[in-house]
Structures are given as structure tokens and as C-alpha cells.
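Shown next, in C-alpha cells, is the structure this report addresses.
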Amino acid sequence: MTLKALAQSLGITLKYLFSKPVTVPYPDAPVALKPRFHGRHVLTRHPNGLEKCIGCSLCAAACPAYAIYVEPAENDPENPVSAGERYAKVYEINMLRCIFCGLCEEACPTGAIVLGYDFEMADYQYSDLIYGKEDMLVDVMGTKPQRREAKMTGKPVKVGYVVPYVRPELEGFRAPTEGGKK
């Protein structure tokens with residue numbers, strides 16, 4: 001290494017040593033996410049409240065990591081759960097196996113499964129990283145660890161992100177936006 005190269009590298013180091021850092025003070029300040037960010041899965045509903053998932057298992061077939069398990073059941077005409085003849089009685093995603101590729105979202109014919117914005121999913125127990133249908137429905141705010149922390153502290157769920165706008169395929173999903181509207 002020459003003396004000139006050493007002086008150049010030390011000059012770059014000194015230049016950035018006295019400049020303002022570009023880090024975000026996470027978790028005190030929310031992280032600004034891009035609109036197409038792939039986070040926690042969300043099971044959406046129709047505007048009338050019925051689930052969009054018809055239990056076809058195409059998302060499970062498209063998943064390269066085999067992280068999705070769907071068990072369909074026949075829909076009761078008197079008290080329907082979804083708009084189709086069937087619904088997903090059991091819908092589970094193993095978040096340890098999921099690679100957040102979005103193939104499940106593309107394979108879904110009804111637009112029921114959408115990758116949302118939640119990314120704070122680290123947990124201590126294996127069983128807590130298997131998300132069931134009740135954990136992924138559109139009206140559930142936050143991930144399992146966030147909801148558990150909110151329950152223990154008695155405070156509302158605090159998500160650590162903001163987005164410029166909510167994607168239209170996430171209808172009914174309440175996400176904090178940069179403008180302050182949900």
C-alpha cells in the first residue's frame with residue numbers, strides 16, 4: 001500500500017467522521033417504508049365483511065418454501081364465512097420458513113392474501129412464529145410480539161413504520177402514513 005492510498009483512505013474516514021450520521025433512531029422514530037415492501041401477510045375481507053379466502057390452496061402450491069398450510073371446509077349457506085362455496089377453516093403460515101417472495105400473493109385468485117407492512121416479527125418461541133388465520137386477518141393490528149407487548153404494558157400497539165400511501169390491494173388495512181392519516 002502506498003502512502004498516497006493511505007492518505008486518501010484516511011481522508012475519506014475523516015470526512016465522514018465529522019459529518020452528520022444518516023441513521024434512523026429506530027425504534028423511537030418510525031422507519032419510512034417503500035409502498036411495495038413485503039412484510040407480514042394480511043388476509044383481506046370483502047367490504048361486506050366476508051373473507052376473501054375461498055380455501056383453494058393455490059397460495060400453498062405456489063410457495064417455494066412450503067410455509068403455507070390451508071385446510072378448506074364447506075361454507076354454510078345460512079352463515080357464510082366467505083363469498084365462495086368453501087372457506088379456509090385453517091390457514092397457517094410458518095414465518096420461519098417464509099421467504100417473503102410474494103408468490104402467494106400473485107397466485108391468489110381472489111386477492112385474499114397480501115403482503116403487508118409489518119416487519120417486527122422476531123420472537124422467542126417457535127409456536128409464536130406460526131401465524132394462524134386469526135393473526136393475519138385485516139383488522140388485526142401489529143404482529144404477535146407487538147400485540148403481546150401492548151397487552152402487557154396496557155398501551156396500544158406501536159408499529160415502527162410509516163408508508164407514503166396504503167396500497168389499494170390492502171383494502172381495510174390501517175397503516176400509518178407519512179401524511180398522518182390512517
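Labels used: A, B, ... for chains in the order of the C-alpha cells, numbers from 1 for residues in each chain, and numbers from 1 for ligands as shown.
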
Hey, could you make a per-residue contact list for segment 5-103 of chain A against segment 140-157 of chain A with 10 Å as the cut-off, showing the nearest pair of atoms and its distance in Å to one decimal, counting only C-alpha atoms, sorted by chain and number, as JSON lines?
```
{"residue": "A:Arg40", "atom": "CA", "partner": "A:Thr143", "partner_atom": "CA", "distance": 7.7}
{"residue": "A:His41", "atom": "CA", "partner": "A:Thr143", "partner_atom": "CA", "distance": 9.9}
{"residue": "A:Val42", "atom": "CA", "partner": "A:Val140", "partner_atom": "CA", "distance": 8.7}
{"residue": "A:Leu43", "atom": "CA", "partner": "A:Val140", "partner_atom": "CA", "distance": 9.7}
```

Quick one: residues within 8 Å of Thr110 of chain A, only C-alpha atoms counted, chain neighbours fewer than 3 positions away excluded, as a ChimeraX atom specification? /A:52-54

With distances taken over only C-alpha atoms, which residue among A:Asn75, A:Gly55, A:Ile130, A:Ser82 lies nearest Pro109 of chain A? A:Gly55

What's the 10 Å shell around Ala65 of chain A, counting only C-alpha atoms, without same-chain residues fewer than 6 positions away, as a VMD selection string? chain A and resid 94 96 to 101

Based on DSSP run over this structure's backbone, return all residues of segment 23-176 of chain A in alpha helix (DSSP H), as an NGL selection string. :A and (58-62 or 103-107 or 133-136 or 144-153)

Please dump the current selection as a CSV table (one decimal), in the first residue's frame; keep N, CA, C and O atoms.
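Resulting contents of result_21.csv:
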```csv
chain,number,residue,atom,x,y,z
A,58,LEU,N,-54.1,-22.5,-3.6
A,58,LEU,CA,-53.2,-22.1,-4.7
A,58,LEU,C,-51.9,-21.4,-4.1
A,58,LEU,O,-50.8,-21.5,-4.6
A,59,CYS,N,-52.1,-20.7,-3.0
A,59,CYS,CA,-51.0,-20.0,-2.4
A,59,CYS,C,-50.0,-21.0,-1.8
A,59,CYS,O,-48.8,-20.8,-1.9
A,60,ALA,N,-50.6,-22.1,-1.2
A,60,ALA,CA,-49.7,-23.1,-0.7
A,60,ALA,C,-49.0,-23.8,-1.8
A,60,ALA,O,-47.8,-24.2,-1.6
A,61,ALA,N,-49.6,-24.0,-2.9
A,61,ALA,CA,-49.0,-24.7,-4.0
A,61,ALA,C,-47.9,-23.8,-4.6
A,61,ALA,O,-46.8,-24.3,-5.1
A,62,ALA,N,-48.1,-22.5,-4.6
A,62,ALA,CA,-47.1,-21.6,-5.2
A,62,ALA,C,-45.9,-21.3,-4.3
A,62,ALA,O,-44.9,-20.8,-4.7
A,103,LEU,N,-45.0,-14.8,-4.0
A,103,LEU,CA,-45.7,-15.7,-4.9
A,103,LEU,C,-47.1,-16.1,-4.5
A,103,LEU,O,-47.9,-16.3,-5.3
A,104,CYS,N,-47.3,-16.2,-3.2
A,104,CYS,CA,-48.6,-16.5,-2.7
A,104,CYS,C,-49.6,-15.4,-3.0
A,104,CYS,O,-50.7,-15.6,-3.4
A,105,GLU,N,-49.2,-14.2,-3.0
A,105,GLU,CA,-50.0,-13.0,-3.3
A,105,GLU,C,-50.3,-13.0,-4.8
A,105,GLU,O,-51.5,-12.7,-5.2
A,106,GLU,N,-49.4,-13.4,-5.6
A,106,GLU,CA,-49.6,-13.5,-7.1
A,106,GLU,C,-50.5,-14.7,-7.5
A,106,GLU,O,-51.3,-14.6,-8.4
A,107,ALA,N,-50.4,-15.8,-6.7
A,107,ALA,CA,-51.2,-17.0,-7.1
A,107,ALA,C,-52.7,-16.9,-6.6
A,107,ALA,O,-53.5,-17.6,-7.2
A,133,LYS,N,-54.9,-18.0,11.1
A,133,LYS,CA,-55.9,-17.1,10.4
A,133,LYS,C,-56.3,-15.9,11.2
A,133,LYS,O,-56.3,-14.8,10.8
A,134,GLU,N,-56.5,-16.1,12.5
A,134,GLU,CA,-56.9,-15.1,13.4
A,134,GLU,C,-55.8,-14.0,13.6
A,134,GLU,O,-56.1,-12.9,14.0
A,135,ASP,N,-54.5,-14.4,13.3
A,135,ASP,CA,-53.4,-13.4,13.5
A,135,ASP,C,-53.2,-12.6,12.2
A,135,ASP,O,-52.5,-11.6,12.3
A,136,MET,N,-53.8,-13.0,11.1
A,136,MET,CA,-53.5,-12.4,9.8
A,136,MET,C,-54.7,-11.6,9.3
A,136,MET,O,-54.5,-11.0,8.2
A,144,LYS,N,-47.6,-10.6,16.4
A,144,LYS,CA,-47.8,-11.2,17.7
A,144,LYS,C,-47.0,-10.6,18.8
A,144,LYS,O,-47.5,-10.3,19.9
A,145,PRO,N,-45.6,-10.4,18.6
A,145,PRO,CA,-44.9,-9.8,19.7
A,145,PRO,C,-45.3,-8.4,20.0
A,145,PRO,O,-45.4,-8.0,21.2
A,146,GLN,N,-45.8,-7.6,19.0
A,146,GLN,CA,-46.2,-6.2,19.3
A,146,GLN,C,-47.5,-6.3,20.1
A,146,GLN,O,-47.7,-5.5,21.0
A,147,ARG,N,-48.4,-7.2,19.7
A,147,ARG,CA,-49.7,-7.3,20.5
A,147,ARG,C,-49.5,-7.8,21.9
A,147,ARG,O,-50.1,-7.3,22.8
A,148,ARG,N,-48.5,-8.7,22.0
A,148,ARG,CA,-48.2,-9.2,23.4
A,148,ARG,C,-47.7,-8.1,24.3
A,148,ARG,O,-48.0,-8.0,25.4
A,149,GLU,N,-46.7,-7.3,23.7
A,149,GLU,CA,-46.2,-6.2,24.5
A,149,GLU,C,-47.2,-5.2,24.8
A,149,GLU,O,-47.2,-4.7,25.9
A,150,ALA,N,-48.1,-4.9,23.9
A,150,ALA,CA,-49.2,-3.9,24.2
A,150,ALA,C,-50.1,-4.4,25.3
A,150,ALA,O,-50.5,-3.6,26.1
A,151,LYS,N,-50.4,-5.7,25.3
A,151,LYS,CA,-51.2,-6.3,26.3
A,151,LYS,C,-50.6,-6.2,27.7
A,151,LYS,O,-51.2,-5.9,28.7
A,152,MET,N,-49.3,-6.5,27.7
A,152,MET,CA,-48.5,-6.5,29.0
A,152,MET,C,-48.4,-5.1,29.5
A,152,MET,O,-48.5,-4.8,30.8
A,153,THR,N,-48.2,-4.1,28.7
A,153,THR,CA,-48.0,-2.7,29.1
A,153,THR,C,-49.3,-1.9,29.3
A,153,THR,O,-49.3,-0.8,29.9
```

Taking only C-alpha atoms into account, produce a table as JSON lines in which each residue of segment 135-160 of chain A with an atom at most 10 Å from an atom of segment 17-33 of chain A appears once, together with its shortest atom pair and the distance in Å to one decimal, ordered by chain and rising number.
```
{"residue": "A:Lys158", "atom": "CA", "partner": "A:Pro30", "partner_atom": "CA", "distance": 9.5}
{"residue": "A:Val159", "atom": "CA", "partner": "A:Pro30", "partner_atom": "CA", "distance": 7.6}
{"residue": "A:Gly160", "atom": "CA", "partner": "A:Pro30", "partner_atom": "CA", "distance": 4.6}
```

What is the atom CA of Asp139 of chain A-atom CA of Arg174 of chain A distance in Å, reported with one decimal?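 Distance reported for this atom pair: 7.9 Å.
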
Pick from A:Thr2, A:Val138, A:Gly116, A:Leu129 nearest to Lys34 of chain A, counting only C-alpha atoms: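 Answer, going by the shortest atom-to-atom distance: A:Gly116.
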
Which parts of chain A does DSSP call strand (DSSP E) when run on the backbone here, written out as a PyMOL selection string? chain A and resi 31-32+41-43+68-74+86-94+113-115+130-131+161-162

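Between atom CA of His46 of chain A and atom CA of Ile93 of chain A lies a distance of 21.3 Å.
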
Can you tell me how far atom CA of Phe173 of chain A sits from atom CA of Cys56 of chain A, in Å to one decimal? 22.9 Å
